[in-house]
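**Student:** Here you go, input.tsv (TSV, C-alpha atoms and all ligand atoms):
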```tsv
chain	number	residue	atom	x	y	z
A	1	MET	CA	-48.17	-3.55	77.62
A	2	ARG	CA	-49.44	-4.68	74.22
A	3	ASP	CA	-49.54	-8.27	75.54
A	4	SER	CA	-52.07	-7.35	78.20
A	5	LEU	CA	-54.55	-6.12	75.58
A	6	PRO	CA	-57.27	-8.61	74.65
A	7	VAL	CA	-57.17	-10.96	71.69
A	8	VAL	CA	-60.70	-11.33	70.30
A	9	VAL	CA	-61.54	-14.91	69.31
A	10	GLY	CA	-64.35	-15.58	66.84
A	11	ILE	CA	-65.65	-19.13	66.35
A	12	THR	CA	-67.88	-19.93	63.36
A	13	GLY	CA	-69.73	-22.97	62.09
A	14	ALA	CA	-66.89	-24.53	60.14
A	15	SER	CA	-65.51	-27.93	61.08
A	16	GLY	CA	-62.43	-27.74	63.33
A	17	ALA	CA	-63.69	-26.61	66.74
A	18	LEU	CA	-60.51	-28.23	68.10
A	19	TYR	CA	-58.50	-25.37	66.57
A	20	ALA	CA	-60.47	-22.90	68.69
A	21	ASP	CA	-60.11	-25.16	71.71
A	22	ARG	CA	-56.30	-25.34	71.47
A	23	LEU	CA	-55.99	-21.59	70.87
A	24	LEU	CA	-58.19	-20.78	73.88
A	25	ARG	CA	-56.18	-23.18	76.05
A	26	HIS	CA	-53.00	-21.38	75.05
A	27	LEU	CA	-54.44	-17.87	75.60
A	28	GLY	CA	-55.80	-19.02	78.96
A	29	LYS	CA	-52.40	-20.41	80.05
A	30	ALA	CA	-50.72	-17.20	78.89
A	31	LYS	CA	-53.35	-15.21	80.87
A	32	ILE	CA	-54.23	-13.14	77.82
A	33	PRO	CA	-57.73	-11.62	78.09
A	34	SER	CA	-59.91	-13.22	75.42
A	35	PRO	CA	-63.37	-11.97	74.52
A	36	VAL	CA	-64.96	-14.93	72.71
A	37	VAL	CA	-67.82	-14.63	70.22
A	38	ALA	CA	-69.29	-17.69	68.53
A	39	SER	CA	-71.89	-17.65	65.77
A	40	LYS	CA	-75.01	-19.80	66.16
A	41	TRP	CA	-73.37	-22.52	64.06
A	42	GLY	CA	-70.04	-22.03	65.80
A	43	ARG	CA	-71.82	-22.90	69.02
A	44	TYR	CA	-73.34	-25.94	67.33
A	45	LEU	CA	-69.89	-27.15	66.20
A	46	LEU	CA	-68.41	-26.66	69.69
A	47	ASN	CA	-71.05	-29.07	70.90
A	48	HIS	CA	-70.95	-31.46	67.95
A	49	GLU	CA	-67.15	-31.80	67.73
A	50	LEU	CA	-65.97	-31.13	71.31
A	51	GLY	CA	-69.05	-32.15	73.28
A	52	LEU	CA	-69.16	-28.70	74.87
A	53	GLU	CA	-72.57	-27.90	76.34
A	54	LEU	CA	-72.52	-24.12	76.74
A	55	GLY	CA	-75.97	-24.11	78.33
A	56	LYS	CA	-77.42	-20.99	79.92
A	57	SER	CA	-74.08	-19.69	81.13
A	58	PRO	CA	-71.50	-20.05	78.34
A	59	GLN	CA	-69.09	-17.79	80.24
A	60	GLU	CA	-69.05	-20.09	83.28
A	61	THR	CA	-68.66	-23.19	81.11
A	62	LEU	CA	-65.81	-21.70	79.12
A	63	ARG	CA	-64.05	-20.18	82.14
A	64	ALA	CA	-64.11	-23.59	83.83
A	65	ARG	CA	-62.33	-25.00	80.78
A	66	TYR	CA	-60.00	-22.15	79.78
A	67	GLY	CA	-59.63	-19.90	82.83
A	68	PRO	CA	-60.82	-16.53	84.11
A	69	HIS	CA	-59.32	-14.34	81.38
A	70	LEU	CA	-62.06	-15.38	78.97
A	71	THR	CA	-65.25	-13.34	78.54
A	72	TRP	CA	-68.25	-14.59	76.58
A	73	GLN	CA	-69.75	-12.15	74.07
A	74	PRO	CA	-73.23	-13.08	72.78
A	75	SER	CA	-73.21	-12.89	68.98
A	76	THR	CA	-76.44	-10.86	68.94
A	77	ASP	CA	-75.07	-8.12	71.23
A	78	MET	CA	-74.01	-5.25	68.99
A	79	SER	CA	-73.57	-3.06	72.10
A	80	ALA	CA	-70.58	-5.15	73.29
A	81	GLY	CA	-67.22	-3.39	73.70
A	82	ILE	CA	-65.65	-5.32	70.82
A	83	ALA	CA	-68.23	-3.77	68.46
A	84	SER	CA	-66.39	-0.45	68.86
A	85	GLY	CA	-62.93	0.67	67.81
A	86	THR	CA	-62.58	2.49	71.15
A	87	HIS	CA	-62.17	-0.94	72.76
A	88	LYS	CA	-58.43	-1.51	72.27
A	89	THR	CA	-57.28	-5.01	71.35
A	90	GLN	CA	-54.20	-6.83	70.06
A	91	GLY	CA	-56.31	-8.05	67.15
A	92	MET	CA	-58.77	-10.79	66.31
A	93	VAL	CA	-58.61	-14.43	65.26
A	94	ILE	CA	-61.49	-16.20	63.50
A	95	ILE	CA	-60.88	-19.88	64.11
A	96	PRO	CA	-62.24	-21.83	62.36
A	97	CYS	CA	-63.72	-19.47	59.76
A	98	SER	CA	-66.66	-20.66	57.66
A	99	MET	CA	-67.11	-19.55	54.08
A	100	GLY	CA	-70.32	-17.84	55.17
A	101	SER	CA	-68.60	-15.59	57.72
A	102	LEU	CA	-65.69	-15.08	55.34
A	103	GLY	CA	-68.13	-13.72	52.73
A	104	HIS	CA	-69.81	-11.39	55.22
A	105	ILE	CA	-66.51	-9.97	56.48
A	106	ALA	CA	-64.91	-9.62	53.04
A	107	HIS	CA	-67.89	-7.50	51.96
A	108	GLY	CA	-68.41	-5.47	55.13
A	109	VAL	CA	-71.81	-7.04	55.87
A	110	THR	CA	-72.09	-7.14	59.66
A	111	ALA	CA	-74.99	-9.43	60.48
A	112	ASN	CA	-73.70	-10.44	63.92
A	113	LEU	CA	-71.16	-9.35	66.55
A	114	LEU	CA	-68.47	-11.63	65.12
A	115	HIS	CA	-68.66	-9.90	61.71
A	116	ARG	CA	-68.77	-6.48	63.36
A	117	ALA	CA	-65.71	-7.21	65.55
A	118	ALA	CA	-63.80	-8.29	62.43
A	119	ASP	CA	-64.98	-5.16	60.59
A	120	VAL	CA	-63.73	-3.03	63.51
A	121	THR	CA	-60.40	-4.88	63.54
A	122	ILE	CA	-59.90	-4.06	59.84
A	123	LYS	CA	-60.98	-0.42	60.11
A	124	GLU	CA	-58.68	0.15	63.08
A	125	GLY	CA	-55.74	-1.42	61.22
A	126	ARG	CA	-55.25	-4.15	63.83
A	127	PRO	CA	-54.10	-7.70	63.07
A	128	LEU	CA	-56.87	-9.94	61.78
A	129	VAL	CA	-56.04	-13.64	61.49
A	130	VAL	CA	-58.47	-15.82	59.57
A	131	VAL	CA	-58.32	-19.63	59.73
A	132	PRO	CA	-60.60	-20.78	56.90
A	133	ARG	CA	-61.83	-24.39	56.71
A	134	GLU	CA	-63.42	-25.66	53.55
A	135	THR	CA	-62.46	-27.94	50.71
A	136	PRO	CA	-62.53	-27.77	47.78
A	137	LEU	CA	-62.48	-23.97	47.60
A	138	SER	CA	-64.75	-22.34	45.01
A	139	PRO	CA	-63.73	-19.23	43.05
A	140	ILE	CA	-66.04	-17.25	45.38
A	141	HIS	CA	-64.17	-18.52	48.45
A	142	LEU	CA	-60.80	-17.82	46.84
A	143	GLU	CA	-61.81	-14.30	45.84
A	144	ASN	CA	-63.09	-13.56	49.33
A	145	LEU	CA	-59.84	-14.84	50.85
A	146	LEU	CA	-57.84	-12.65	48.45
A	147	THR	CA	-60.04	-9.66	49.31
A	148	LEU	CA	-59.35	-10.09	53.03
A	149	SER	CA	-55.67	-10.67	52.42
A	150	ARG	CA	-55.50	-7.42	50.44
A	151	PHE	CA	-57.20	-5.64	53.34
A	152	GLY	CA	-54.32	-6.80	55.54
A	153	ALA	CA	-55.68	-10.00	57.10
A	154	THR	CA	-53.34	-12.94	57.58
A	155	ILE	CA	-54.82	-16.13	56.16
A	156	VAL	CA	-53.62	-19.14	58.17
A	157	ASP	CA	-55.51	-21.96	56.58
A	158	ALA	CA	-56.35	-25.00	58.68
A	159	ASN	CA	-53.46	-26.86	57.10
A	160	PRO	CA	-51.21	-28.64	59.63
A	161	THR	CA	-47.55	-29.58	59.20
A	162	PHE	CA	-46.56	-33.23	59.60
A	163	TYR	CA	-42.81	-32.99	59.99
A	164	GLN	CA	-42.03	-31.80	63.51
A	165	GLY	CA	-42.42	-34.76	65.82
A	166	VAL	CA	-46.19	-35.06	65.47
A	167	GLU	CA	-47.62	-37.71	67.82
A	168	SER	CA	-51.27	-36.75	68.18
A	169	VAL	CA	-54.15	-34.87	66.59
A	170	GLU	CA	-53.51	-32.11	69.14
A	171	ASP	CA	-49.92	-31.77	67.83
A	172	LEU	CA	-51.28	-31.33	64.31
A	173	VAL	CA	-53.77	-28.74	65.46
A	174	ASP	CA	-51.09	-26.94	67.49
A	175	SER	CA	-48.95	-26.61	64.35
A	176	VAL	CA	-51.70	-24.35	62.96
A	177	VAL	CA	-52.36	-22.57	66.27
A	178	ALA	CA	-48.61	-21.80	66.45
A	179	ARG	CA	-48.85	-19.94	63.13
A	180	VAL	CA	-51.86	-18.00	64.42
A	181	LEU	CA	-49.87	-16.92	67.49
A	182	ASP	CA	-46.91	-16.04	65.26
A	183	ALA	CA	-49.18	-13.81	63.17
A	184	LEU	CA	-50.24	-11.97	66.32
A	185	GLY	CA	-46.67	-11.72	67.63
A	186	ILE	CA	-47.49	-13.81	70.72
A	187	VAL	CA	-44.52	-15.79	72.02
A	188	HIS	CA	-45.15	-19.54	72.37
A	189	SER	CA	-43.35	-22.88	72.35
A	190	LEU	CA	-45.99	-24.92	70.53
A	191	LEU	CA	-43.83	-25.67	67.50
A	192	PRO	CA	-40.04	-25.94	67.51
A	193	PRO	CA	-38.52	-23.72	64.83
A	194	TRP	CA	-37.43	-25.61	61.76
A	195	GLY	CA	-33.71	-26.32	61.70
A	196	LEU	CA	-33.21	-27.64	65.24
A	197	PRO	CA	-31.27	-30.93	65.29
A	198	THR	CA	-33.50	-33.95	64.58
A	199	GLU	CA	-32.89	-37.67	65.05
A	200	ILE	CA	-32.68	-38.11	61.30
A	201	SER	CA	-29.24	-37.60	59.87
A	202	LYS	CA	-28.90	-35.84	56.55
A	203	ASP	CA	-26.91	-38.86	55.34
A	204	ALA	CA	-29.66	-41.37	56.09
B	301	LIG	C1	-71.37	-30.27	60.98
B	301	LIG	C2	-71.19	-29.07	60.08
B	301	LIG	C3	-69.94	-28.82	59.53
B	301	LIG	C4	-69.74	-27.72	58.69
B	301	LIG	N1	-68.49	-27.49	58.20
B	301	LIG	C5	-68.27	-26.38	57.45
B	301	LIG	C6	-66.95	-26.09	57.01
B	301	LIG	O1	-65.97	-26.80	57.29
B	301	LIG	N2	-66.76	-24.95	56.31
B	301	LIG	C7	-67.79	-24.09	56.00
B	301	LIG	O2	-67.55	-23.06	55.36
B	301	LIG	N3	-69.07	-24.37	56.42
B	301	LIG	C8	-69.33	-25.48	57.13
B	301	LIG	N4	-70.60	-25.75	57.57
B	301	LIG	C9	-71.70	-24.87	57.14
B	301	LIG	C10	-71.82	-23.61	58.01
B	301	LIG	O3	-72.05	-23.97	59.36
B	301	LIG	C11	-72.96	-22.72	57.48
B	301	LIG	O4	-72.62	-22.20	56.21
B	301	LIG	C12	-73.32	-21.61	58.43
B	301	LIG	O5	-74.36	-20.83	57.87
B	301	LIG	C13	-72.12	-20.72	58.72
B	301	LIG	O6	-72.57	-19.67	59.55
B	301	LIG	P1	-71.54	-18.83	60.44
B	301	LIG	O7	-70.47	-18.37	59.52
B	301	LIG	O8	-72.39	-17.70	60.96
B	301	LIG	O9	-71.07	-19.74	61.52
B	301	LIG	C14	-70.83	-26.84	58.40
B	301	LIG	C15	-72.08	-27.09	58.98
B	301	LIG	C16	-72.26	-28.19	59.80
B	301	LIG	C17	-73.62	-28.43	60.43
```
Do you think you could lay out the structure here as structure tokens?
Ligand SMILES: Cc1cc2nc3c(=O)[nH]c(=O)nc-3n(C[C@H](O)[C@H](O)[C@H](O)COP(=O)(O)O)c2cc1C
**Tutor:**
Amino acid sequence: MRDSLPVVVGITGASGALYADRLLRHLGKAKIPSPVVASKWGRYLLNHELGLELGKSPQETLRARYGPHLTWQPSTDMSAGIASGTHKTQGMVIIPCSMGSLGHIAHGVTANLLHRAADVTIKEGRPLVVVPRETPLSPIHLENLLTLSRFGATIVDANPTFYQGVESVEDLVDSVVARVLDALGIVHSLLPPWGLPTEISKDA
């Protein structure tokens, strides 16, 4: 039952649109309803890094790529369902998360629907997964991450693993997406659990 509830996906103007792309592909394959809200700069990065032209009908464009379970939520629409706690969800992922949106959310400043949906997720005690992307991190960024972590968010930084049969950029990205899905309790097979037999012998 819980699995049929939506997972809200927020996309901001941090580098790493491919992280959002791989997560949406997985949610689409798993037929999990996914309301998607992108900030103005999130939309820019989708175009700049993935070549996605959302045009006048972002929902049609994204459904063609990820499937019919996705719904597009304009970031200016504070009357959307995900702006209210009465709209039940499994939680929200912000992927990638800019330092700008991080600051807004950590301080309860809801300037767009993405911030508001995150605010609702926190107030309702639902899982919030934040995938920050910035380097180096300033003390302000670190404090904001700690603030959100103390409010119960899971911080899955955009920090891939390199040790589990990585052959492509997508494999690297999936190693982060796998941890996002883990944090939400969504079953997947993107990353084999550590400890399975490998080709490398311990004696080598
Ligand atoms: C090409 C490009 C890459 C960017 N990469 C990052 C980034 O990795 N992390 C970050 O915090 N901001 C990054 N920014 C800056 C944000 O887009 C900017 O702070 C913006 O105001 C964030 O707004 P949003 O959180 O509403 O998307 C980038 C901007 C551009 C144009």
**Student:** Using all atoms listed in the file, which residues of the polymer chains come no farther than 6 Å from ligand LIG 301 (chain B)? I'd like the answer as a ChimeraX atom specification.
**Tutor:** /A:12-15,39,41-42,98-101,133-134
**Student:** Could you please determine the separation between CA of Trp72 in chain A and CA of Val129 in chain A in Å, to one decimal place?
**Tutor:** 19.4 Å
**Student:** Would you mind telling me which residue in A:Gly81, A:Pro96, A:Gly91, A:Pro74 lies nearest to Ala17 in chain A when using only C-alpha atoms?
**Tutor:**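 Smallest distance to Ala17 in chain A is found for A:Pro96.
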**Student:** Fewer than 2 positions away in the same chain doesn't count, so skip those; otherwise give me all residues within 8 Å of range 145-160 of chain A, counting all atoms listed in the file, as a ChimeraX atom specification.
**Tutor:** /A:96,102,105-106,122,125,127-133,141-143,162,172-173,175-176,179-180,183
**Student:** Do you have the CA of Thr76 in chain A-CA of Ser138 in chain A distance handy?
**Tutor:** 29.0 Å
**Student:** Show which residues sit within 12 Å of His69 in chain A, as a ChimeraX atom specification. Count all atoms listed in the file, and ignore same-chain residues fewer than 3 positions away.
**Tutor:** /A:4-8,24-36,59-60,62-66,72
**Student:** Just write the chosen residues, C-alpha atoms, as a PDB file, in the frame of the given file.
**Tutor:**
```pdb
ATOM      1  CA  SER A   4     -52.070  -7.350  78.200  1.00  0.00           C
ATOM      2  CA  LEU A   5     -54.550  -6.120  75.580  1.00  0.00           C
ATOM      3  CA  PRO A   6     -57.270  -8.610  74.650  1.00  0.00           C
ATOM      4  CA  VAL A   7     -57.170 -10.960  71.690  1.00  0.00           C
ATOM      5  CA  VAL A   8     -60.700 -11.330  70.300  1.00  0.00           C
ATOM      6  CA  LEU A  24     -58.190 -20.780  73.880  1.00  0.00           C
ATOM      7  CA  ARG A  25     -56.180 -23.180  76.050  1.00  0.00           C
ATOM      8  CA  HIS A  26     -53.000 -21.380  75.050  1.00  0.00           C
ATOM      9  CA  LEU A  27     -54.440 -17.870  75.600  1.00  0.00           C
ATOM     10  CA  GLY A  28     -55.800 -19.020  78.960  1.00  0.00           C
ATOM     11  CA  LYS A  29     -52.400 -20.410  80.050  1.00  0.00           C
ATOM     12  CA  ALA A  30     -50.720 -17.200  78.890  1.00  0.00           C
ATOM     13  CA  LYS A  31     -53.350 -15.210  80.870  1.00  0.00           C
ATOM     14  CA  ILE A  32     -54.230 -13.140  77.820  1.00  0.00           C
ATOM     15  CA  PRO A  33     -57.730 -11.620  78.090  1.00  0.00           C
ATOM     16  CA  SER A  34     -59.910 -13.220  75.420  1.00  0.00           C
ATOM     17  CA  PRO A  35     -63.370 -11.970  74.520  1.00  0.00           C
ATOM     18  CA  VAL A  36     -64.960 -14.930  72.710  1.00  0.00           C
ATOM     19  CA  GLN A  59     -69.090 -17.790  80.240  1.00  0.00           C
ATOM     20  CA  GLU A  60     -69.050 -20.090  83.280  1.00  0.00           C
ATOM     21  CA  LEU A  62     -65.810 -21.700  79.120  1.00  0.00           C
ATOM     22  CA  ARG A  63     -64.050 -20.180  82.140  1.00  0.00           C
ATOM     23  CA  ALA A  64     -64.110 -23.590  83.830  1.00  0.00           C
ATOM     24  CA  ARG A  65     -62.330 -25.000  80.780  1.00  0.00           C
ATOM     25  CA  TYR A  66     -60.000 -22.150  79.780  1.00  0.00           C
ATOM     26  CA  TRP A  72     -68.250 -14.590  76.580  1.00  0.00           C
TER      27      TRP A  72
END
```
